[in-house]
Amino acid sequence: MNQFFSPLIYFHLSPNDFQEIKPIKITDEISILPQVLIPNLNCLSSIIHPNRIQQYQNVYHWLNIKTTKKFREIEELVNLFQLVLWIIKRTSTNIHFISNLSKSQSKLKFNLLHSRFTFIPKNLSYELTKHDIMQLQIILKIIVKLYYDKTRLRNAIVLNYNACIAPYWEASYLLFSTTFESLLTYGEHKNLTETLAKSYAALSTVDIRKREKYYEDFRKIFRIRSDIVHGSAANKSKYKDGDQNLKYLANVSDILRCFWVRILNDTVAINNLIATDNFRRKYLEKIIGSWKSKKYF
């Protein structure tokens, strides 16, 4: 059994919900540990500057992974944890490295990770509640299985993760919107945006008025996507304001986050979305068919 640790930078638990200092089990392999249970970091002195080590020693919570998986797969687990945390609640949490913190330099394993996972500095939350942790426990287990079983949704997971670490807003936006395609397409479509918008809206809610709003919101997302893909975003005045671009990015990311929560808490949805084009088509067309709207059909 291998054991690895990663500092959860800017990770905060609600003091109202978590008053005891103790480990929190997330999955069979992953736990969150308080700083007092972390081994001494002196083993990293040959790799990390002393000032940085002192900073890590003051981190309140650490990710702890106990597994038989290989080191590369452990890094994937850390990445999946970050992604699911982002799905649950957009925070400023970052993870700089993963290490076994071995006292022996010959056995020390250390790997730098993406130091800035959250690109969007808008509307961040600063505390995780008991409910958030419960959702993290449920959804991470599902995401890990979907990823390692190499299901159809694995591509959506990979695309979404890379959207979260992309250094440019345009690339991030395209990856977020492409994640929707990976989740909802089924073969060739005469009008891809129209099909995706209907599928997204119908799957998101049964409320007719909300469906109509979600439909319009989705079409707006893909209009911006089209501007980026075809290069016109570089010339249009609406994209000259950097803060406004981040708002566009925050909007598409939050819509996608909510959609992940919706489908990952629905076994029927998951089973149909990981299936073949034929099963996915029948499932989505049935849901869309229940939408009686004179405005859009």
# chains A, B, ... in the order shown; residues from 1 in each chain; ligands from 1
>>> residues_around(residues="region 158-171 of chain A", least_positions_apart="4", cutoff="9 Å", atoms="only C-alpha atoms", output="JSON list (two decimals) with C-alpha atoms, in the first residue's frame")
[["chain", "number", "residue", "atom", "x", "y", "z"],
["A", 79, "ASN", "CA", -6.60, 15.81, -10.58],
["A", 80, "LEU", "CA", -10.01, 14.13, -10.31],
["A", 82, "GLN", "CA", -9.67, 18.91, -7.88],
["A", 83, "LEU", "CA", -12.22, 18.57, -10.68],
["A", 86, "TRP", "CA", -14.71, 22.47, -8.61],
["A", 114, "HIS", "CA", -0.70, 22.61, -11.81],
["A", 116, "ARG", "CA", -3.33, 27.29, -10.57],
["A", 117, "PHE", "CA", -6.35, 25.07, -11.10],
["A", 118, "THR", "CA", -9.05, 27.72, -10.95],
["A", 119, "PHE", "CA", -8.56, 30.25, -13.73],
["A", 120, "ILE", "CA", -11.72, 32.25, -13.03],
["A", 147, "TYR", "CA", -12.74, 7.65, -15.57],
["A", 153, "LEU", "CA", -17.95, 10.13, -20.27],
["A", 154, "ARG", "CA", -14.19, 9.85, -19.70],
["A", 175, "LEU", "CA", -13.04, 23.27, -23.67],
["A", 176, "PHE", "CA", -16.03, 23.96, -21.38],
["A", 177, "SER", "CA", -18.38, 24.12, -24.38],
["A", 178, "THR", "CA", -16.82, 21.01, -25.93],
["A", 179, "THR", "CA", -17.45, 19.19, -22.66],
["A", 182, "SER", "CA", -19.07, 15.18, -25.28],
["A", 225, "ARG", "CA", -18.09, 29.69, -28.78],
["A", 228, "ILE", "CA", -13.99, 32.21, -30.71],
["A", 229, "VAL", "CA", -13.76, 29.26, -33.11],
["A", 233, "ALA", "CA", -13.85, 37.30, -31.12],
["A", 245, "ASN", "CA", -14.54, 37.90, -20.80],
["A", 246, "LEU", "CA", -14.00, 36.37, -17.38],
["A", 249, "LEU", "CA", -16.14, 32.22, -18.70],
["A", 253, "SER", "CA", -18.35, 27.12, -16.13]]
>>> select_by_dssp(residues="region 109-152 of chain A", states="alpha helix (DSSP H)", output="list in words")
Lys130, His131, Asp132, Ile133, Met134, Gln135, Leu136, Gln137, Ile138, Ile139, Leu140, Lys141, Ile142, Ile143, Val144, Lys145, Leu146, Tyr147 and Tyr148 of chain A
>>> write_last_selection(atoms="N, CA and C atoms", output="PDB file, in the first residue's frame")
ATOM      1  N   LYS A 130     -20.719  20.939   5.432  1.00  0.00           N
ATOM      2  CA  LYS A 130     -20.900  19.489   5.582  1.00  0.00           C
ATOM      3  C   LYS A 130     -21.601  18.914   4.362  1.00  0.00           C
ATOM      4  N   HIS A 131     -22.574  19.639   3.831  1.00  0.00           N
ATOM      5  CA  HIS A 131     -23.274  19.193   2.625  1.00  0.00           C
ATOM      6  C   HIS A 131     -22.315  19.106   1.438  1.00  0.00           C
ATOM      7  N   ASP A 132     -21.423  20.075   1.305  1.00  0.00           N
ATOM      8  CA  ASP A 132     -20.443  20.064   0.219  1.00  0.00           C
ATOM      9  C   ASP A 132     -19.559  18.817   0.298  1.00  0.00           C
ATOM     10  N   ILE A 133     -19.115  18.486   1.489  1.00  0.00           N
ATOM     11  CA  ILE A 133     -18.258  17.311   1.670  1.00  0.00           C
ATOM     12  C   ILE A 133     -19.024  16.027   1.355  1.00  0.00           C
ATOM     13  N   MET A 134     -20.287  15.976   1.724  1.00  0.00           N
ATOM     14  CA  MET A 134     -21.105  14.807   1.399  1.00  0.00           C
ATOM     15  C   MET A 134     -21.240  14.643  -0.111  1.00  0.00           C
ATOM     16  N   GLN A 135     -21.455  15.746  -0.817  1.00  0.00           N
ATOM     17  CA  GLN A 135     -21.523  15.702  -2.274  1.00  0.00           C
ATOM     18  C   GLN A 135     -20.171  15.299  -2.885  1.00  0.00           C
ATOM     19  N   LEU A 136     -19.100  15.793  -2.299  1.00  0.00           N
ATOM     20  CA  LEU A 136     -17.758  15.423  -2.742  1.00  0.00           C
ATOM     21  C   LEU A 136     -17.542  13.914  -2.624  1.00  0.00           C
ATOM     22  N   GLN A 137     -17.988  13.340  -1.524  1.00  0.00           N
ATOM     23  CA  GLN A 137     -17.856  11.895  -1.304  1.00  0.00           C
ATOM     24  C   GLN A 137     -18.637  11.101  -2.343  1.00  0.00           C
ATOM     25  N   ILE A 138     -19.856  11.550  -2.639  1.00  0.00           N
ATOM     26  CA  ILE A 138     -20.720  10.829  -3.589  1.00  0.00           C
ATOM     27  C   ILE A 138     -20.201  10.962  -5.016  1.00  0.00           C
ATOM     28  N   ILE A 139     -19.931  12.197  -5.427  1.00  0.00           N
ATOM     29  CA  ILE A 139     -19.605  12.459  -6.827  1.00  0.00           C
ATOM     30  C   ILE A 139     -18.196  12.006  -7.189  1.00  0.00           C
ATOM     31  N   LEU A 140     -17.238  12.138  -6.272  1.00  0.00           N
ATOM     32  CA  LEU A 140     -15.877  11.700  -6.581  1.00  0.00           C
ATOM     33  C   LEU A 140     -15.842  10.197  -6.850  1.00  0.00           C
ATOM     34  N   LYS A 141     -16.580   9.440  -6.073  1.00  0.00           N
ATOM     35  CA  LYS A 141     -16.640   7.985  -6.289  1.00  0.00           C
ATOM     36  C   LYS A 141     -17.167   7.672  -7.688  1.00  0.00           C
ATOM     37  N   ILE A 142     -18.186   8.403  -8.127  1.00  0.00           N
ATOM     38  CA  ILE A 142     -18.761   8.185  -9.457  1.00  0.00           C
ATOM     39  C   ILE A 142     -17.783   8.589 -10.549  1.00  0.00           C
ATOM     40  N   ILE A 143     -17.173   9.766 -10.402  1.00  0.00           N
ATOM     41  CA  ILE A 143     -16.242  10.277 -11.413  1.00  0.00           C
ATOM     42  C   ILE A 143     -15.034   9.349 -11.567  1.00  0.00           C
ATOM     43  N   VAL A 144     -14.494   8.880 -10.452  1.00  0.00           N
ATOM     44  CA  VAL A 144     -13.342   7.971 -10.504  1.00  0.00           C
ATOM     45  C   VAL A 144     -13.699   6.699 -11.266  1.00  0.00           C
ATOM     46  N   LYS A 145     -14.882   6.166 -11.011  1.00  0.00           N
ATOM     47  CA  LYS A 145     -15.312   4.950 -11.714  1.00  0.00           C
ATOM     48  C   LYS A 145     -15.502   5.219 -13.201  1.00  0.00           C
ATOM     49  N   LEU A 146     -16.156   6.325 -13.550  1.00  0.00           N
ATOM     50  CA  LEU A 146     -16.362   6.669 -14.951  1.00  0.00           C
ATOM     51  C   LEU A 146     -15.028   6.843 -15.675  1.00  0.00           C
ATOM     52  N   TYR A 147     -14.051   7.390 -14.975  1.00  0.00           N
ATOM     53  CA  TYR A 147     -12.737   7.652 -15.572  1.00  0.00           C
ATOM     54  C   TYR A 147     -11.947   6.364 -15.760  1.00  0.00           C
ATOM     55  N   TYR A 148     -11.808   5.574 -14.711  1.00  0.00           N
ATOM     56  CA  TYR A 148     -10.959   4.384 -14.787  1.00  0.00           C
ATOM     57  C   TYR A 148     -11.628   3.223 -15.525  1.00  0.00           C
TER      58      TYR A 148
END
>>> closest_residue(among="A:Lys282, A:Ile288, A:Lys109, A:His12", to="Glu212 (chain A)", atoms="only C-alpha atoms")
A:Ile288
>>> residues_around(residues="Lys89 (chain A)", least_positions_apart="6", cutoff="9 Å", atoms="only C-alpha atoms", output="PyMOL selection string")
chain A and resi 124-125+128+132+257
>>> select_by_dssp(residues="region 50-192 of chain A", states="strand (DSSP E or B)", output="ChimeraX atom specification")
/A:61-67,94,97-99,110-112,128
>>> write_last_selection(atoms="N, CA and C atoms", output="short mmCIF file (atom, residue, chain, number, x, y, z; two decimals), in the first residue's frame")
data_model
loop_
_atom_site.label_atom_id
_atom_site.label_comp_id
_atom_site.auth_asym_id
_atom_site.auth_seq_id
_atom_site.Cartn_x
_atom_site.Cartn_y
_atom_site.Cartn_z
N HIS A 61 -5.07 21.84 5.76
CA HIS A 61 -5.61 20.55 5.34
C HIS A 61 -4.78 19.96 4.20
N TRP A 62 -4.66 18.63 4.24
CA TRP A 62 -3.88 17.92 3.22
C TRP A 62 -4.70 16.79 2.64
N LEU A 63 -4.44 16.53 1.37
CA LEU A 63 -5.03 15.37 0.72
C LEU A 63 -4.14 14.16 1.00
N ASN A 64 -4.75 13.07 1.41
CA ASN A 64 -4.01 11.84 1.72
C ASN A 64 -4.56 10.71 0.85
N ILE A 65 -3.67 10.07 0.11
CA ILE A 65 -4.08 8.97 -0.77
C ILE A 65 -3.35 7.70 -0.36
N LYS A 66 -4.12 6.67 -0.02
CA LYS A 66 -3.58 5.35 0.29
C LYS A 66 -4.10 4.38 -0.76
N THR A 67 -3.19 3.84 -1.55
CA THR A 67 -3.62 3.03 -2.68
C THR A 67 -2.49 2.12 -3.16
N ASN A 94 -5.98 25.09 -4.45
CA ASN A 94 -4.98 24.62 -5.40
C ASN A 94 -4.12 23.55 -4.75
N PHE A 97 1.76 20.09 -5.26
CA PHE A 97 2.58 18.91 -5.48
C PHE A 97 1.96 17.68 -4.83
N ILE A 98 2.51 16.53 -5.19
CA ILE A 98 2.15 15.28 -4.55
C ILE A 98 3.45 14.55 -4.21
N SER A 99 3.52 13.98 -3.00
CA SER A 99 4.75 13.32 -2.56
C SER A 99 4.43 12.25 -1.53
N PHE A 110 8.23 12.72 -5.71
CA PHE A 110 7.73 14.10 -5.68
C PHE A 110 7.37 14.51 -7.09
N ASN A 111 6.24 15.14 -7.26
CA ASN A 111 5.83 15.61 -8.57
C ASN A 111 5.07 16.92 -8.44
N LEU A 112 5.48 17.92 -9.22
CA LEU A 112 4.76 19.20 -9.25
C LEU A 112 3.46 19.04 -10.01
N LEU A 128 -16.20 25.27 2.74
CA LEU A 128 -16.96 24.09 2.36
C LEU A 128 -17.79 23.62 3.54
#
>>> residues_around(residues="region 30-35 of chain A", least_positions_apart="3", cutoff="10 Å", atoms="only C-alpha atoms", output="JSON list (two decimals) with C-alpha atoms, in the first residue's frame")
[["chain", "number", "residue", "atom", "x", "y", "z"],
["A", 3, "GLN", "CA", 0.70, 6.60, 0.80],
["A", 4, "PHE", "CA", 0.95, 10.08, -0.69],
["A", 5, "PHE", "CA", 0.23, 13.63, 0.47],
["A", 6, "SER", "CA", -0.70, 16.90, -1.22],
["A", 7, "PRO", "CA", -1.25, 20.31, 0.42],
["A", 8, "LEU", "CA", -4.73, 21.77, -0.10],
["A", 20, "GLU", "CA", -13.25, 18.57, 15.53],
["A", 21, "ILE", "CA", -9.73, 18.17, 14.17],
["A", 22, "LYS", "CA", -9.86, 14.73, 12.60],
["A", 23, "PRO", "CA", -9.48, 12.99, 9.22],
["A", 24, "ILE", "CA", -12.38, 13.11, 6.77],
["A", 25, "LYS", "CA", -12.79, 10.04, 4.58],
["A", 26, "ILE", "CA", -13.81, 10.93, 1.01],
["A", 27, "THR", "CA", -13.41, 7.55, -0.72],
["A", 38, "ILE", "CA", 1.22, 15.25, 8.24],
["A", 39, "PRO", "CA", 4.83, 13.95, 8.38],
["A", 56, "TYR", "CA", 3.37, 24.28, 3.31],
["A", 57, "GLN", "CA", 3.81, 23.43, 6.97],
["A", 58, "ASN", "CA", 1.18, 26.07, 7.73],
["A", 59, "VAL", "CA", -1.40, 24.58, 5.36],
["A", 60, "TYR", "CA", -4.39, 23.48, 7.45],
["A", 61, "HIS", "CA", -5.61, 20.55, 5.34],
["A", 62, "TRP", "CA", -3.88, 17.92, 3.22],
["A", 63, "LEU", "CA", -5.03, 15.37, 0.72],
["A", 64, "ASN", "CA", -4.01, 11.84, 1.72],
["A", 65, "ILE", "CA", -4.08, 8.97, -0.77],
["A", 66, "LYS", "CA", -3.58, 5.35, 0.29],
["A", 67, "THR", "CA", -3.62, 3.03, -2.68],
["A", 77, "LEU", "CA", -6.64, 10.80, -8.60],
["A", 78, "VAL", "CA", -5.46, 14.18, -7.33],
["A", 81, "PHE", "CA", -10.33, 15.34, -6.73],
["A", 137, "GLN", "CA", -17.86, 11.90, -1.30],
["A", 140, "LEU", "CA", -15.88, 11.70, -6.58],
["A", 141, "LYS", "CA", -16.64, 7.99, -6.29]]
>>> residues_around(residues="Lys103 (chain A)", least_positions_apart="3", cutoff="8 Å", atoms="only C-alpha atoms", output="number ranges by chain")
A: 43, 107-108
>>> closest_residue(among="A:Arg211, A:Arg281, A:Lys70, A:His230", to="Thr195 (chain A)", atoms="only C-alpha atoms")
A:Arg281
>>> residues_around(residues="Ile287 (chain A)", least_positions_apart="3", cutoff="9 Å", atoms="only C-alpha atoms", output="ChimeraX atom specification")
/A:199,202-203,282-284,290-291
>>> write_last_selection(atoms="C-alpha atoms", output="compact mmCIF listing (two decimals), in the first residue's frame")
# COMPACT_ATOMS: atom_id res chain seq x y z
CA SER A 199 -31.06 18.20 -24.73
CA ALA A 202 -34.81 19.17 -21.13
CA LEU A 203 -32.38 17.16 -19.04
CA LYS A 282 -33.58 7.43 -27.59
CA TYR A 283 -33.10 8.67 -24.02
CA LEU A 284 -32.62 12.33 -24.93
CA SER A 290 -42.04 15.50 -23.19
CA TRP A 291 -41.34 19.23 -23.60
>>> atom_distance(atom1="CA of Ala197 (chain A)", atom2="CA of Asn271 (chain A)")
20.7 Å
>>> residues_around(residues="Asn278 (chain A)", least_positions_apart="5", cutoff="12 Å", atoms="only C-alpha atoms", output="MDAnalysis selection string")
chainID A and resid 185:188 272:273 283:285
>>> atom_distance(atom1="CA of Asn191 (chain A)", atom2="CA of Phe222 (chain A)")
12.0 Å
>>> decode(residues="region 7-50 of chain A", atoms="N, CA and C atoms", output="PDB file, in the first residue's frame")
ATOM      1  N   PRO A   7      -0.690  19.193  -0.348  1.00  0.00           N
ATOM      2  CA  PRO A   7      -1.246  20.313   0.425  1.00  0.00           C
ATOM      3  C   PRO A   7      -2.443  20.928  -0.280  1.00  0.00           C
ATOM      4  N   LEU A   8      -3.530  21.134   0.453  1.00  0.00           N
ATOM      5  CA  LEU A   8      -4.727  21.768  -0.102  1.00  0.00           C
ATOM      6  C   LEU A   8      -4.657  23.271   0.186  1.00  0.00           C
ATOM      7  N   ILE A   9      -4.036  23.996  -0.734  1.00  0.00           N
ATOM      8  CA  ILE A   9      -3.839  25.435  -0.573  1.00  0.00           C
ATOM      9  C   ILE A   9      -5.181  26.159  -0.660  1.00  0.00           C
ATOM     10  N   TYR A  10      -5.439  27.062   0.280  1.00  0.00           N
ATOM     11  CA  TYR A  10      -6.675  27.852   0.316  1.00  0.00           C
ATOM     12  C   TYR A  10      -7.925  26.982   0.419  1.00  0.00           C
ATOM     13  N   PHE A  11      -7.792  25.836   1.058  1.00  0.00           N
ATOM     14  CA  PHE A  11      -8.926  24.946   1.287  1.00  0.00           C
ATOM     15  C   PHE A  11      -9.433  25.190   2.708  1.00  0.00           C
ATOM     16  N   HIS A  12     -10.701  25.550   2.849  1.00  0.00           N
ATOM     17  CA  HIS A  12     -11.244  25.891   4.166  1.00  0.00           C
ATOM     18  C   HIS A  12     -12.565  25.173   4.421  1.00  0.00           C
ATOM     19  N   LEU A  13     -12.695  24.585   5.578  1.00  0.00           N
ATOM     20  CA  LEU A  13     -13.939  23.956   6.004  1.00  0.00           C
ATOM     21  C   LEU A  13     -14.711  24.911   6.907  1.00  0.00           C
ATOM     22  N   SER A  14     -16.022  24.869   6.813  1.00  0.00           N
ATOM     23  CA  SER A  14     -16.851  25.731   7.651  1.00  0.00           C
ATOM     24  C   SER A  14     -16.649  25.381   9.124  1.00  0.00           C
ATOM     25  N   PRO A  15     -16.261  26.349   9.963  1.00  0.00           N
ATOM     26  CA  PRO A  15     -16.070  26.069  11.389  1.00  0.00           C
ATOM     27  C   PRO A  15     -17.373  25.691  12.094  1.00  0.00           C
ATOM     28  N   ASN A  16     -18.495  26.063  11.509  1.00  0.00           N
ATOM     29  CA  ASN A  16     -19.787  25.692  12.099  1.00  0.00           C
ATOM     30  C   ASN A  16     -20.085  24.214  11.921  1.00  0.00           C
ATOM     31  N   ASP A  17     -19.589  23.631  10.820  1.00  0.00           N
ATOM     32  CA  ASP A  17     -19.857  22.222  10.516  1.00  0.00           C
ATOM     33  C   ASP A  17     -18.727  21.288  10.935  1.00  0.00           C
ATOM     34  N   PHE A  18     -17.510  21.821  11.020  1.00  0.00           N
ATOM     35  CA  PHE A  18     -16.348  20.982  11.327  1.00  0.00           C
ATOM     36  C   PHE A  18     -15.563  21.594  12.492  1.00  0.00           C
ATOM     37  N   GLN A  19     -15.931  21.184  13.685  1.00  0.00           N
ATOM     38  CA  GLN A  19     -15.281  21.720  14.884  1.00  0.00           C
ATOM     39  C   GLN A  19     -14.177  20.801  15.413  1.00  0.00           C
ATOM     40  N   GLU A  20     -14.265  19.516  15.097  1.00  0.00           N
ATOM     41  CA  GLU A  20     -13.251  18.571  15.534  1.00  0.00           C
ATOM     42  C   GLU A  20     -12.114  18.490  14.518  1.00  0.00           C
ATOM     43  N   ILE A  21     -10.897  18.339  15.035  1.00  0.00           N
ATOM     44  CA  ILE A  21      -9.734  18.171  14.166  1.00  0.00           C
ATOM     45  C   ILE A  21      -9.501  16.672  13.975  1.00  0.00           C
ATOM     46  N   LYS A  22      -9.983  16.160  12.862  1.00  0.00           N
ATOM     47  CA  LYS A  22      -9.855  14.725  12.600  1.00  0.00           C
ATOM     48  C   LYS A  22      -9.904  14.479  11.096  1.00  0.00           C
ATOM     49  N   PRO A  23      -9.438  13.305  10.643  1.00  0.00           N
ATOM     50  CA  PRO A  23      -9.477  12.987   9.217  1.00  0.00           C
ATOM     51  C   PRO A  23     -10.913  12.893   8.703  1.00  0.00           C
ATOM     52  N   ILE A  24     -11.077  13.230   7.434  1.00  0.00           N
ATOM     53  CA  ILE A  24     -12.380  13.109   6.773  1.00  0.00           C
ATOM     54  C   ILE A  24     -12.213  12.151   5.600  1.00  0.00           C
ATOM     55  N   LYS A  25     -12.880  11.018   5.653  1.00  0.00           N
ATOM     56  CA  LYS A  25     -12.793  10.037   4.580  1.00  0.00           C
ATOM     57  C   LYS A  25     -13.665  10.478   3.412  1.00  0.00           C
ATOM     58  N   ILE A  26     -13.067  10.551   2.209  1.00  0.00           N
ATOM     59  CA  ILE A  26     -13.810  10.930   1.013  1.00  0.00           C
ATOM     60  C   ILE A  26     -14.171   9.688   0.199  1.00  0.00           C
ATOM     61  N   THR A  27     -13.186   8.847  -0.081  1.00  0.00           N
ATOM     62  CA  THR A  27     -13.408   7.552  -0.716  1.00  0.00           C
ATOM     63  C   THR A  27     -12.552   6.532   0.015  1.00  0.00           C
ATOM     64  N   ASP A  28     -12.564   5.291  -0.443  1.00  0.00           N
ATOM     65  CA  ASP A  28     -11.730   4.261   0.188  1.00  0.00           C
ATOM     66  C   ASP A  28     -10.248   4.591   0.074  1.00  0.00           C
ATOM     67  N   GLU A  29      -9.870   5.372  -0.946  1.00  0.00           N
ATOM     68  CA  GLU A  29      -8.460   5.694  -1.179  1.00  0.00           C
ATOM     69  C   GLU A  29      -8.072   7.103  -0.747  1.00  0.00           C
ATOM     70  N   ILE A  30      -9.044   7.988  -0.647  1.00  0.00           N
ATOM     71  CA  ILE A  30      -8.754   9.409  -0.449  1.00  0.00           C
ATOM     72  C   ILE A  30      -9.359   9.934   0.844  1.00  0.00           C
ATOM     73  N   SER A  31      -8.536  10.664   1.606  1.00  0.00           N
ATOM     74  CA  SER A  31      -9.001  11.324   2.830  1.00  0.00           C
ATOM     75  C   SER A  31      -8.436  12.735   2.882  1.00  0.00           C
ATOM     76  N   ILE A  32      -9.059  13.556   3.704  1.00  0.00           N
ATOM     77  CA  ILE A  32      -8.541  14.896   3.998  1.00  0.00           C
ATOM     78  C   ILE A  32      -8.027  14.874   5.433  1.00  0.00           C
ATOM     79  N   LEU A  33      -6.756  15.225   5.595  1.00  0.00           N
ATOM     80  CA  LEU A  33      -6.138  15.169   6.912  1.00  0.00           C
ATOM     81  C   LEU A  33      -5.853  16.563   7.448  1.00  0.00           C
ATOM     82  N   PRO A  34      -5.967  16.742   8.760  1.00  0.00           N
ATOM     83  CA  PRO A  34      -5.536  18.010   9.354  1.00  0.00           C
ATOM     84  C   PRO A  34      -4.006  18.076   9.356  1.00  0.00           C
ATOM     85  N   GLN A  35      -3.471  19.254   9.396  1.00  0.00           N
ATOM     86  CA  GLN A  35      -2.019  19.459   9.290  1.00  0.00           C
ATOM     87  C   GLN A  35      -1.241  18.707  10.368  1.00  0.00           C
ATOM     88  N   VAL A  36      -1.825  18.539  11.542  1.00  0.00           N
ATOM     89  CA  VAL A  36      -1.105  17.899  12.659  1.00  0.00           C
ATOM     90  C   VAL A  36      -0.772  16.432  12.381  1.00  0.00           C
ATOM     91  N   LEU A  37      -1.429  15.832  11.402  1.00  0.00           N
ATOM     92  CA  LEU A  37      -1.187  14.420  11.086  1.00  0.00           C
ATOM     93  C   LEU A  37      -0.240  14.231   9.899  1.00  0.00           C
ATOM     94  N   ILE A  38       0.337  15.323   9.394  1.00  0.00           N
ATOM     95  CA  ILE A  38       1.223  15.255   8.241  1.00  0.00           C
ATOM     96  C   ILE A  38       2.674  15.058   8.692  1.00  0.00           C
ATOM     97  N   PRO A  39       3.419  14.153   8.033  1.00  0.00           N
ATOM     98  CA  PRO A  39       4.834  13.947   8.382  1.00  0.00           C
ATOM     99  C   PRO A  39       5.655  15.217   8.206  1.00  0.00           C
ATOM    100  N   ASN A  40       6.807  15.252   8.807  1.00  0.00           N
ATOM    101  CA  ASN A  40       7.705  16.393   8.676  1.00  0.00           C
ATOM    102  C   ASN A  40       8.105  16.589   7.211  1.00  0.00           C
ATOM    103  N   LEU A  41       8.196  17.845   6.791  1.00  0.00           N
ATOM    104  CA  LEU A  41       8.479  18.138   5.389  1.00  0.00           C
ATOM    105  C   LEU A  41       9.960  18.351   5.100  1.00  0.00           C
ATOM    106  N   ASN A  42      10.813  18.095   6.067  1.00  0.00           N
ATOM    107  CA  ASN A  42      12.248  18.304   5.864  1.00  0.00           C
ATOM    108  C   ASN A  42      12.809  17.451   4.733  1.00  0.00           C
ATOM    109  N   CYS A  43      12.128  16.346   4.433  1.00  0.00           N
ATOM    110  CA  CYS A  43      12.593  15.483   3.347  1.00  0.00           C
ATOM    111  C   CYS A  43      12.575  16.195   2.003  1.00  0.00           C
ATOM    112  N   LEU A  44      11.842  17.312   1.928  1.00  0.00           N
ATOM    113  CA  LEU A  44      11.730  18.046   0.675  1.00  0.00           C
ATOM    114  C   LEU A  44      12.753  19.174   0.555  1.00  0.00           C
ATOM    115  N   SER A  45      13.653  19.278   1.520  1.00  0.00           N
ATOM    116  CA  SER A  45      14.590  20.409   1.570  1.00  0.00           C
ATOM    117  C   SER A  45      15.508  20.484   0.357  1.00  0.00           C
ATOM    118  N   SER A  46      15.773  19.343  -0.281  1.00  0.00           N
ATOM    119  CA  SER A  46      16.644  19.345  -1.458  1.00  0.00           C
ATOM    120  C   SER A  46      15.882  19.707  -2.736  1.00  0.00           C
ATOM    121  N   ILE A  47      14.554  19.825  -2.615  1.00  0.00           N
ATOM    122  CA  ILE A  47      13.712  20.086  -3.787  1.00  0.00           C
ATOM    123  C   ILE A  47      13.041  21.447  -3.709  1.00  0.00           C
ATOM    124  N   ILE A  48      12.591  21.809  -2.520  1.00  0.00           N
ATOM    125  CA  ILE A  48      11.810  23.032  -2.329  1.00  0.00           C
ATOM    126  C   ILE A  48      12.562  24.012  -1.440  1.00  0.00           C
ATOM    127  N   HIS A  49      12.467  25.286  -1.747  1.00  0.00           N
ATOM    128  CA  HIS A  49      13.112  26.335  -0.947  1.00  0.00           C
ATOM    129  C   HIS A  49      12.561  26.306   0.474  1.00  0.00           C
ATOM    130  N   PRO A  50      13.421  26.530   1.491  1.00  0.00           N
ATOM    131  CA  PRO A  50      12.978  26.503   2.893  1.00  0.00           C
ATOM    132  C   PRO A  50      11.781  27.388   3.192  1.00  0.00           C
TER     133      PRO A  50
END
